[in-house]
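Trainee: You'll find final30.txt just under this line, and it carries compact mmCIF, N, CA and C atoms and all ligand atoms.
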# COMPACT_ATOMS: atom_id res chain seq x y z
N MET A 1 -14.02 -19.63 -22.73
CA MET A 1 -14.07 -20.68 -21.73
C MET A 1 -13.89 -20.06 -20.35
N ARG A 2 -14.76 -20.43 -19.46
CA ARG A 2 -14.69 -19.89 -18.11
C ARG A 2 -13.54 -20.54 -17.35
N GLU A 3 -13.02 -19.75 -16.43
CA GLU A 3 -11.90 -20.22 -15.62
C GLU A 3 -12.22 -21.52 -14.89
N SER A 4 -13.47 -21.64 -14.41
CA SER A 4 -13.84 -22.81 -13.63
C SER A 4 -14.00 -24.06 -14.48
N GLN A 5 -14.10 -23.90 -15.81
CA GLN A 5 -14.28 -25.04 -16.69
C GLN A 5 -12.94 -25.66 -17.09
N LEU A 6 -11.86 -25.01 -16.75
CA LEU A 6 -10.56 -25.50 -17.16
C LEU A 6 -10.03 -26.52 -16.16
N ASP A 7 -9.26 -27.47 -16.70
CA ASP A 7 -8.52 -28.37 -15.84
C ASP A 7 -7.49 -27.53 -15.10
N PRO A 8 -7.52 -27.50 -13.78
CA PRO A 8 -6.63 -26.59 -13.05
C PRO A 8 -5.15 -26.90 -13.25
N ALA A 9 -4.85 -28.05 -13.80
CA ALA A 9 -3.44 -28.40 -13.98
C ALA A 9 -2.86 -27.90 -15.30
N THR A 10 -3.70 -27.43 -16.21
CA THR A 10 -3.19 -27.02 -17.52
C THR A 10 -2.53 -25.64 -17.44
N PRO A 11 -1.53 -25.42 -18.28
CA PRO A 11 -0.90 -24.08 -18.31
C PRO A 11 -1.90 -22.99 -18.69
N GLN A 12 -2.88 -23.33 -19.57
CA GLN A 12 -3.88 -22.34 -19.98
C GLN A 12 -4.68 -21.86 -18.77
N ALA A 13 -5.04 -22.79 -17.90
CA ALA A 13 -5.80 -22.42 -16.70
C ALA A 13 -4.96 -21.53 -15.79
N SER A 14 -3.68 -21.84 -15.67
CA SER A 14 -2.81 -21.01 -14.81
C SER A 14 -2.71 -19.59 -15.35
N VAL A 15 -2.60 -19.46 -16.66
CA VAL A 15 -2.50 -18.13 -17.27
C VAL A 15 -3.78 -17.34 -17.03
N LEU A 16 -4.93 -17.98 -17.20
CA LEU A 16 -6.20 -17.29 -16.97
C LEU A 16 -6.36 -16.89 -15.51
N ARG A 17 -5.94 -17.75 -14.61
CA ARG A 17 -6.08 -17.43 -13.19
C ARG A 17 -5.18 -16.27 -12.79
N LEU A 18 -4.12 -16.03 -13.53
CA LEU A 18 -3.21 -14.95 -13.18
C LEU A 18 -3.60 -13.62 -13.81
N GLY A 19 -4.74 -13.56 -14.47
CA GLY A 19 -5.20 -12.31 -15.09
C GLY A 19 -5.41 -11.21 -14.07
N ALA A 20 -6.12 -11.52 -13.00
CA ALA A 20 -6.39 -10.50 -11.97
C ALA A 20 -5.10 -10.06 -11.27
N PRO A 21 -4.25 -10.99 -10.83
CA PRO A 21 -2.97 -10.54 -10.24
C PRO A 21 -2.12 -9.73 -11.22
N ALA A 22 -2.16 -10.09 -12.49
CA ALA A 22 -1.40 -9.33 -13.48
C ALA A 22 -1.96 -7.91 -13.62
N ALA A 23 -3.29 -7.79 -13.55
CA ALA A 23 -3.90 -6.46 -13.63
C ALA A 23 -3.50 -5.61 -12.42
N VAL A 24 -3.49 -6.23 -11.25
CA VAL A 24 -3.08 -5.50 -10.04
C VAL A 24 -1.61 -5.10 -10.15
N ALA A 25 -0.78 -6.01 -10.66
CA ALA A 25 0.65 -5.69 -10.83
C ALA A 25 0.83 -4.56 -11.83
N ALA A 26 0.06 -4.58 -12.91
CA ALA A 26 0.16 -3.51 -13.90
C ALA A 26 -0.27 -2.17 -13.32
N ALA A 27 -1.38 -2.17 -12.58
CA ALA A 27 -1.85 -0.93 -11.96
C ALA A 27 -0.84 -0.42 -10.94
N SER A 28 -0.29 -1.32 -10.14
CA SER A 28 0.70 -0.92 -9.14
C SER A 28 1.96 -0.37 -9.80
N THR A 29 2.36 -0.99 -10.89
CA THR A 29 3.53 -0.50 -11.63
C THR A 29 3.26 0.88 -12.19
N ALA A 30 2.03 1.09 -12.69
CA ALA A 30 1.67 2.40 -13.22
C ALA A 30 1.71 3.46 -12.12
N VAL A 31 1.19 3.12 -10.95
CA VAL A 31 1.22 4.07 -9.82
C VAL A 31 2.66 4.38 -9.44
N CYS A 32 3.49 3.34 -9.34
CA CYS A 32 4.90 3.56 -8.99
C CYS A 32 5.60 4.42 -10.05
N GLY A 33 5.29 4.16 -11.31
CA GLY A 33 5.89 4.94 -12.38
C GLY A 33 5.46 6.40 -12.31
N PHE A 34 4.18 6.62 -12.02
CA PHE A 34 3.68 7.99 -11.90
C PHE A 34 4.35 8.71 -10.74
N VAL A 35 4.45 8.04 -9.59
CA VAL A 35 5.07 8.66 -8.42
C VAL A 35 6.55 8.95 -8.69
N ALA A 36 7.23 8.01 -9.33
CA ALA A 36 8.64 8.22 -9.65
C ALA A 36 8.82 9.38 -10.62
N TRP A 37 7.90 9.50 -11.56
CA TRP A 37 7.99 10.54 -12.58
C TRP A 37 7.67 11.92 -12.01
N THR A 38 6.69 11.98 -11.09
CA THR A 38 6.24 13.28 -10.59
C THR A 38 7.06 13.81 -9.44
N ASP A 39 7.80 12.96 -8.73
CA ASP A 39 8.62 13.35 -7.59
C ASP A 39 7.81 14.16 -6.56
N PRO A 40 7.05 13.47 -5.71
CA PRO A 40 6.23 14.18 -4.71
C PRO A 40 7.04 14.87 -3.62
N THR A 41 8.36 14.66 -3.58
CA THR A 41 9.17 15.34 -2.57
C THR A 41 9.44 16.80 -2.95
N THR A 42 9.14 17.15 -4.19
CA THR A 42 9.31 18.53 -4.65
C THR A 42 7.97 19.24 -4.54
N PRO A 43 7.88 20.30 -3.72
CA PRO A 43 6.60 21.02 -3.57
C PRO A 43 6.11 21.58 -4.91
N GLY A 44 4.77 21.61 -5.04
CA GLY A 44 4.18 22.16 -6.25
C GLY A 44 4.15 21.20 -7.41
N GLY A 45 4.35 19.93 -7.16
CA GLY A 45 4.36 18.93 -8.21
C GLY A 45 2.96 18.52 -8.62
N ALA A 46 2.88 17.45 -9.40
CA ALA A 46 1.61 16.98 -9.94
C ALA A 46 0.72 16.35 -8.88
N ILE A 47 1.33 15.81 -7.83
CA ILE A 47 0.54 15.18 -6.77
C ILE A 47 0.19 16.25 -5.75
N PRO A 48 -1.11 16.54 -5.57
CA PRO A 48 -1.50 17.63 -4.66
C PRO A 48 -1.28 17.25 -3.20
N VAL A 49 -1.28 18.26 -2.36
CA VAL A 49 -1.21 18.04 -0.92
C VAL A 49 -2.45 17.30 -0.49
N CYS A 50 -2.32 16.44 0.49
CA CYS A 50 -3.46 15.68 1.02
C CYS A 50 -4.58 16.66 1.40
N PRO A 51 -5.82 16.39 0.99
CA PRO A 51 -6.93 17.29 1.31
C PRO A 51 -7.14 17.47 2.81
N THR A 52 -6.91 16.43 3.58
CA THR A 52 -7.05 16.54 5.04
C THR A 52 -6.02 17.53 5.59
N LYS A 53 -4.82 17.43 5.07
CA LYS A 53 -3.75 18.33 5.52
C LYS A 53 -4.04 19.76 5.05
N ALA A 54 -4.48 19.90 3.80
CA ALA A 54 -4.71 21.22 3.23
C ALA A 54 -5.91 21.92 3.88
N LEU A 55 -6.98 21.18 4.12
CA LEU A 55 -8.21 21.80 4.61
C LEU A 55 -8.27 21.90 6.13
N LEU A 56 -7.76 20.87 6.81
CA LEU A 56 -7.90 20.82 8.26
C LEU A 56 -6.59 21.03 9.01
N GLY A 57 -5.49 20.92 8.28
CA GLY A 57 -4.19 21.05 8.94
C GLY A 57 -3.81 19.83 9.76
N ILE A 58 -4.48 18.73 9.52
CA ILE A 58 -4.25 17.50 10.27
C ILE A 58 -3.41 16.55 9.41
N THR A 59 -2.41 15.94 10.03
CA THR A 59 -1.63 14.92 9.34
C THR A 59 -2.41 13.61 9.47
N CYS A 60 -2.98 13.16 8.37
CA CYS A 60 -3.81 11.95 8.41
C CYS A 60 -2.92 10.71 8.34
N PRO A 61 -3.48 9.52 8.57
CA PRO A 61 -2.64 8.32 8.52
C PRO A 61 -1.97 8.10 7.16
N GLY A 62 -2.54 8.63 6.10
CA GLY A 62 -1.97 8.42 4.77
C GLY A 62 -1.01 9.51 4.33
N CYS A 63 -0.94 10.60 5.07
CA CYS A 63 -0.06 11.71 4.68
C CYS A 63 1.38 11.22 4.55
N GLY A 64 2.02 11.63 3.50
CA GLY A 64 3.40 11.25 3.25
C GLY A 64 3.54 9.95 2.48
N SER A 65 2.43 9.33 2.12
CA SER A 65 2.51 8.02 1.45
C SER A 65 3.15 8.11 0.07
N ALA A 66 2.82 9.14 -0.69
CA ALA A 66 3.44 9.26 -2.02
C ALA A 66 4.94 9.49 -1.88
N ARG A 67 5.32 10.31 -0.91
CA ARG A 67 6.75 10.54 -0.69
C ARG A 67 7.43 9.28 -0.15
N MET A 68 6.70 8.53 0.68
CA MET A 68 7.23 7.26 1.19
C MET A 68 7.47 6.30 0.03
N LEU A 69 6.51 6.22 -0.87
CA LEU A 69 6.67 5.33 -2.03
C LEU A 69 7.82 5.80 -2.92
N TYR A 70 7.92 7.10 -3.08
CA TYR A 70 9.03 7.66 -3.88
C TYR A 70 10.38 7.27 -3.25
N ALA A 71 10.47 7.39 -1.93
CA ALA A 71 11.71 7.01 -1.24
C ALA A 71 11.99 5.52 -1.40
N LEU A 72 10.96 4.69 -1.28
CA LEU A 72 11.15 3.24 -1.44
C LEU A 72 11.61 2.92 -2.86
N LEU A 73 11.06 3.63 -3.83
CA LEU A 73 11.47 3.40 -5.22
C LEU A 73 12.93 3.77 -5.44
N HIS A 74 13.46 4.63 -4.56
CA HIS A 74 14.87 5.01 -4.63
C HIS A 74 15.69 4.28 -3.56
N ILE A 75 15.13 3.20 -3.04
CA ILE A 75 15.80 2.35 -2.04
C ILE A 75 16.32 3.16 -0.86
N ASP A 76 15.53 4.12 -0.41
CA ASP A 76 15.89 4.95 0.73
C ASP A 76 14.90 4.64 1.86
N PHE A 77 15.18 3.56 2.61
CA PHE A 77 14.25 3.07 3.62
C PHE A 77 14.11 4.03 4.80
N SER A 78 15.20 4.65 5.21
CA SER A 78 15.09 5.55 6.36
C SER A 78 14.21 6.75 6.04
N ARG A 79 14.34 7.26 4.83
CA ARG A 79 13.49 8.38 4.43
C ARG A 79 12.03 7.91 4.28
N ALA A 80 11.84 6.72 3.78
CA ALA A 80 10.48 6.17 3.65
C ALA A 80 9.83 6.05 5.02
N LEU A 81 10.58 5.57 6.00
CA LEU A 81 10.04 5.46 7.36
C LEU A 81 9.74 6.83 7.93
N ARG A 82 10.55 7.80 7.60
CA ARG A 82 10.34 9.17 8.08
C ARG A 82 9.03 9.75 7.51
N TYR A 83 8.77 9.46 6.26
CA TYR A 83 7.55 10.01 5.64
C TYR A 83 6.28 9.33 6.15
N ASN A 84 6.33 8.02 6.31
CA ASN A 84 5.14 7.32 6.81
C ASN A 84 5.53 5.89 7.22
N ALA A 85 5.93 5.74 8.48
CA ALA A 85 6.42 4.45 8.97
C ALA A 85 5.31 3.39 8.94
N VAL A 86 4.12 3.78 9.34
CA VAL A 86 3.01 2.80 9.33
C VAL A 86 2.66 2.46 7.88
N GLY A 87 2.82 3.42 6.98
CA GLY A 87 2.59 3.16 5.56
C GLY A 87 3.55 2.11 5.02
N VAL A 88 4.80 2.16 5.47
CA VAL A 88 5.78 1.15 5.05
C VAL A 88 5.34 -0.23 5.52
N ALA A 89 4.90 -0.30 6.77
CA ALA A 89 4.43 -1.59 7.31
C ALA A 89 3.19 -2.06 6.55
N ALA A 90 2.27 -1.12 6.28
CA ALA A 90 1.05 -1.47 5.55
C ALA A 90 1.39 -1.96 4.14
N LEU A 91 2.33 -1.29 3.50
CA LEU A 91 2.73 -1.70 2.16
C LEU A 91 3.34 -3.10 2.18
N ALA A 92 4.15 -3.38 3.19
CA ALA A 92 4.74 -4.72 3.31
C ALA A 92 3.64 -5.77 3.49
N LEU A 93 2.63 -5.45 4.30
CA LEU A 93 1.53 -6.39 4.49
C LEU A 93 0.72 -6.57 3.20
N LEU A 94 0.53 -5.49 2.46
CA LEU A 94 -0.19 -5.58 1.19
C LEU A 94 0.58 -6.42 0.17
N VAL A 95 1.88 -6.23 0.12
CA VAL A 95 2.70 -7.02 -0.81
C VAL A 95 2.64 -8.50 -0.42
N GLU A 96 2.70 -8.79 0.89
CA GLU A 96 2.60 -10.17 1.35
C GLU A 96 1.25 -10.76 0.96
N ALA A 97 0.18 -10.00 1.15
CA ALA A 97 -1.15 -10.48 0.80
C ALA A 97 -1.27 -10.69 -0.71
N TYR A 98 -0.68 -9.79 -1.47
CA TYR A 98 -0.70 -9.93 -2.93
C TYR A 98 0.03 -11.19 -3.36
N LEU A 99 1.20 -11.42 -2.79
CA LEU A 99 1.99 -12.61 -3.17
C LEU A 99 1.26 -13.89 -2.77
N ARG A 100 0.63 -13.89 -1.60
CA ARG A 100 -0.13 -15.05 -1.15
C ARG A 100 -1.32 -15.30 -2.08
N TRP A 101 -2.01 -14.23 -2.44
CA TRP A 101 -3.17 -14.34 -3.32
C TRP A 101 -2.75 -14.86 -4.70
N THR A 102 -1.65 -14.29 -5.20
CA THR A 102 -1.15 -14.72 -6.51
C THR A 102 -0.73 -16.20 -6.48
N TRP A 103 -0.06 -16.61 -5.43
CA TRP A 103 0.35 -18.00 -5.28
C TRP A 103 -0.87 -18.92 -5.25
N GLY A 104 -1.89 -18.51 -4.51
CA GLY A 104 -3.12 -19.29 -4.44
C GLY A 104 -3.81 -19.37 -5.79
N ARG A 105 -3.84 -18.25 -6.51
CA ARG A 105 -4.46 -18.24 -7.85
C ARG A 105 -3.68 -19.15 -8.79
N LEU A 106 -2.38 -19.11 -8.69
CA LEU A 106 -1.53 -19.93 -9.56
C LEU A 106 -1.78 -21.41 -9.33
N HIS A 107 -2.01 -21.77 -8.09
CA HIS A 107 -2.20 -23.18 -7.75
C HIS A 107 -3.67 -23.56 -7.61
N GLY A 108 -4.58 -22.64 -7.94
CA GLY A 108 -6.00 -22.96 -7.96
C GLY A 108 -6.63 -23.20 -6.61
N ARG A 109 -6.12 -22.56 -5.59
CA ARG A 109 -6.73 -22.69 -4.27
C ARG A 109 -6.61 -21.38 -3.51
N ARG A 110 -7.50 -21.23 -2.57
CA ARG A 110 -7.50 -20.00 -1.77
C ARG A 110 -6.60 -20.20 -0.56
N ILE A 111 -5.66 -19.32 -0.41
CA ILE A 111 -4.75 -19.39 0.72
C ILE A 111 -5.13 -18.26 1.67
N ARG A 112 -5.47 -18.62 2.88
CA ARG A 112 -5.87 -17.61 3.85
C ARG A 112 -4.65 -16.85 4.35
N GLY A 113 -4.84 -15.56 4.52
CA GLY A 113 -3.75 -14.72 5.01
C GLY A 113 -4.25 -13.86 6.16
N TRP A 114 -3.41 -12.92 6.55
CA TRP A 114 -3.75 -12.05 7.68
C TRP A 114 -5.05 -11.28 7.43
N GLN A 115 -5.29 -10.91 6.17
CA GLN A 115 -6.47 -10.11 5.85
C GLN A 115 -7.77 -10.88 6.02
N HIS A 116 -7.70 -12.20 6.13
CA HIS A 116 -8.91 -13.00 6.31
C HIS A 116 -9.24 -13.22 7.78
N LEU A 117 -8.37 -12.82 8.66
CA LEU A 117 -8.63 -12.99 10.09
C LEU A 117 -9.81 -12.10 10.49
N SER A 118 -10.65 -12.61 11.37
CA SER A 118 -11.86 -11.86 11.73
C SER A 118 -11.53 -10.52 12.38
N TRP A 119 -10.41 -10.43 13.06
CA TRP A 119 -10.06 -9.19 13.76
C TRP A 119 -9.21 -8.24 12.89
N ALA A 120 -8.91 -8.62 11.67
CA ALA A 120 -8.04 -7.79 10.82
C ALA A 120 -8.61 -6.39 10.57
N PRO A 121 -9.89 -6.25 10.19
CA PRO A 121 -10.39 -4.89 9.96
C PRO A 121 -10.32 -4.01 11.21
N THR A 122 -10.64 -4.61 12.36
CA THR A 122 -10.58 -3.85 13.61
C THR A 122 -9.14 -3.45 13.91
N ALA A 123 -8.21 -4.36 13.68
CA ALA A 123 -6.79 -4.06 13.93
C ALA A 123 -6.31 -2.95 13.00
N VAL A 124 -6.68 -3.02 11.72
CA VAL A 124 -6.25 -2.01 10.76
C VAL A 124 -6.81 -0.63 11.15
N LEU A 125 -8.10 -0.60 11.49
CA LEU A 125 -8.73 0.65 11.90
C LEU A 125 -8.10 1.20 13.17
N THR A 126 -7.83 0.33 14.12
CA THR A 126 -7.23 0.74 15.39
C THR A 126 -5.83 1.33 15.15
N VAL A 127 -5.02 0.65 14.36
CA VAL A 127 -3.68 1.16 14.07
C VAL A 127 -3.77 2.51 13.35
N ALA A 128 -4.70 2.63 12.41
CA ALA A 128 -4.84 3.89 11.67
C ALA A 128 -5.25 5.03 12.62
N LEU A 129 -6.16 4.74 13.52
CA LEU A 129 -6.60 5.79 14.46
C LEU A 129 -5.49 6.16 15.44
N ILE A 130 -4.75 5.17 15.92
CA ILE A 130 -3.62 5.47 16.81
C ILE A 130 -2.57 6.29 16.07
N TRP A 131 -2.29 5.90 14.82
CA TRP A 131 -1.31 6.63 13.99
C TRP A 131 -1.78 8.06 13.76
N LEU A 132 -3.06 8.23 13.51
CA LEU A 132 -3.63 9.57 13.34
C LEU A 132 -3.42 10.39 14.61
N GLY A 133 -3.69 9.80 15.75
CA GLY A 133 -3.53 10.53 17.00
C GLY A 133 -2.08 10.88 17.30
N VAL A 134 -1.22 9.89 17.17
CA VAL A 134 0.20 10.08 17.50
C VAL A 134 0.84 11.11 16.57
N ARG A 135 0.45 11.10 15.31
CA ARG A 135 1.05 12.02 14.33
C ARG A 135 0.65 13.47 14.56
N ASN A 136 -0.39 13.66 15.35
CA ASN A 136 -0.89 15.03 15.54
C ASN A 136 -0.68 15.55 16.95
N ILE A 137 0.09 14.86 17.76
CA ILE A 137 0.42 15.37 19.09
C ILE A 137 1.38 16.56 18.88
N PRO A 138 1.03 17.72 19.45
CA PRO A 138 1.76 18.94 19.07
C PRO A 138 3.03 19.24 19.85
N PHE A 139 3.72 18.25 20.38
CA PHE A 139 4.99 18.53 21.06
C PHE A 139 5.97 17.40 20.77
N LYS A 140 7.25 17.71 21.07
CA LYS A 140 8.32 16.74 20.80
C LYS A 140 8.15 15.53 21.70
N PRO A 141 8.51 14.37 21.26
CA PRO A 141 9.15 14.02 19.99
C PRO A 141 8.15 13.77 18.85
N PHE A 142 6.85 13.94 19.16
CA PHE A 142 5.84 13.57 18.16
C PHE A 142 5.77 14.53 16.98
N THR A 143 6.25 15.74 17.17
CA THR A 143 6.24 16.67 16.05
C THR A 143 7.15 16.18 14.91
N ALA A 144 8.07 15.29 15.23
CA ALA A 144 8.93 14.72 14.17
C ALA A 144 8.12 13.85 13.21
N LEU A 145 6.93 13.45 13.63
CA LEU A 145 6.08 12.61 12.77
C LEU A 145 5.23 13.43 11.82
N HIS A 146 5.23 14.75 11.97
CA HIS A 146 4.47 15.61 11.06
C HIS A 146 5.19 15.62 9.69
N VAL A 147 4.42 15.50 8.66
CA VAL A 147 5.01 15.55 7.32
C VAL A 147 4.30 16.58 6.48
ZN ZN A 201 -3.19 13.09 4.66
Translate the structure of the given file into structure tokens.

Mentor:
Amino acid sequence: MRESQLDPATPQASVLRLGAPAAVAAASTAVCGFVAWTDPTTPGGAIPVCPTKALLGITCPGCGSARMLYALLHIDFSRALRYNAVGVAALALLVEAYLRWTWGRLHGRRIRGWQHLSWAPTAVLTVALIWLGVRNIPFKPFTALHV
């Protein structure tokens, strides 16, 4: 039975609508488990150095994300911010979007969030480019952002 053929008020329909959010939650849990297991804060681990960092010597906007996630999994927010402050903010926005999406799926309606705003892609790209630039300024205090 297709999801759209179900009475949206039935528990069966709610369970079917939560399939995609459950898959995302399972994948996210798997990623968190892998990061926690591999400990990216220890050099030479299973998670390789970012290719941008290894090949070009540039700290990209995503550099430090695995270590940031590892710190968050250990409830160490200051260390997480140190590894990738914009990543922490991005993760918070992604979690908010996920919760909004899941809530909408549960109630059978689409709930618009920040990611649906027409300027959201431009804002995300702009923040990423600014973060890329700021992280690679070669003098203090910006060198503290190198990871
Ligand atoms: Zn990188």

Trainee: Mind pulling up the distance from atom N of Tyr70 (chain A) to atom N of Phe142 (chain A)?

Mentor: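 We find that atom N of Phe142 (chain A) and atom N of Tyr70 (chain A) lie 23.3 Å from each other.
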
Trainee: May I ask for the distance between atom N of Trp101 (chain A) and atom C of Trp37 (chain A), given in Å to one decimal place?

Mentor: 29.5 Å

Trainee: Grab me every residue within 6 Å of ligand ZN 201 (chain A), counting only N, CA and C atoms and all ligand atoms, and send it over as a PyMOL selection string.

Mentor: chain A and resi 50-53+58-64

Trainee: Looking at all atoms listed in the file, which of A:Ala46, A:Leu145, A:Ala128, A:Leu117 is the one that sits closest to Asn84 (chain A)?

Mentor: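 Once distances to Asn84 (chain A) are computed over all atoms listed in the file, the minimum belongs to A:Leu145.
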
Trainee: How far is it from atom N of Val147 (chain A) to atom C of Arg82 (chain A), in Å with one decimal?

Mentor: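 Between atom N of Val147 (chain A) and atom C of Arg82 (chain A) the gap works out to 7.5 Å.
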
Trainee: Check the smallest atom-to-atom distance from each of A:Phe34, A:Phe139, A:Trp114, A:Trp131 to Val95 (chain A) using only C-alpha atoms, then report the winner.

Mentor: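 So, comparing all the options, the nearest one is A:Trp114.
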
Trainee: Looking at all atoms listed in the file, which of A:Ala30, A:Leu55, A:Ile111, A:Leu81 is the one that sits closest to Arg67 (chain A)?

Mentor: A:Leu81

Trainee: Go through A:Gln115, A:Val24, A:Val31, A:Ala36 one by one, measure the shortest atom-to-atom distance of each to Leu93 (chain A) using only N, CA and C atoms, and give the residue with the smallest value.

Mentor: A:Gln115

Trainee: Which residue is closest to Gly33 (chain A)? Choose from A:Ala66, A:Leu125, A:Ala20, A:Val88 and count only C-alpha atoms.

Mentor: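 Of all the options, A:Ala66 lies closest to Gly33 (chain A).
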
Trainee: Please determine, counting only C-alpha atoms, which residue among A:Ser118, A:Pro40, A:Arg112, A:Gln12 has the shortest atom-to-atom distance to Leu99 (chain A).

Mentor: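 The answer is A:Arg112, which sits nearest to Leu99 (chain A).
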
Trainee: Mind giving me the axis-aligned box for region 82-99 of chain A with 6 Å on every side, centre plus edges in Å to one decimal, as JSON?

Mentor:
{"center_x": 4.6, "center_y": -1.9, "center_z": 3.0, "size_x": 23.8, "size_y": 35.9, "size_z": 24.7}

Trainee: Going by DSSP on the backbone, which bits of chain A are helix (DSSP H, G or I)? Write them as a ChimeraX atom specification, please.

Mentor: /A:3-5,11-17,19-38,51-56,65-73,77-106,114-116,120-135,142-145
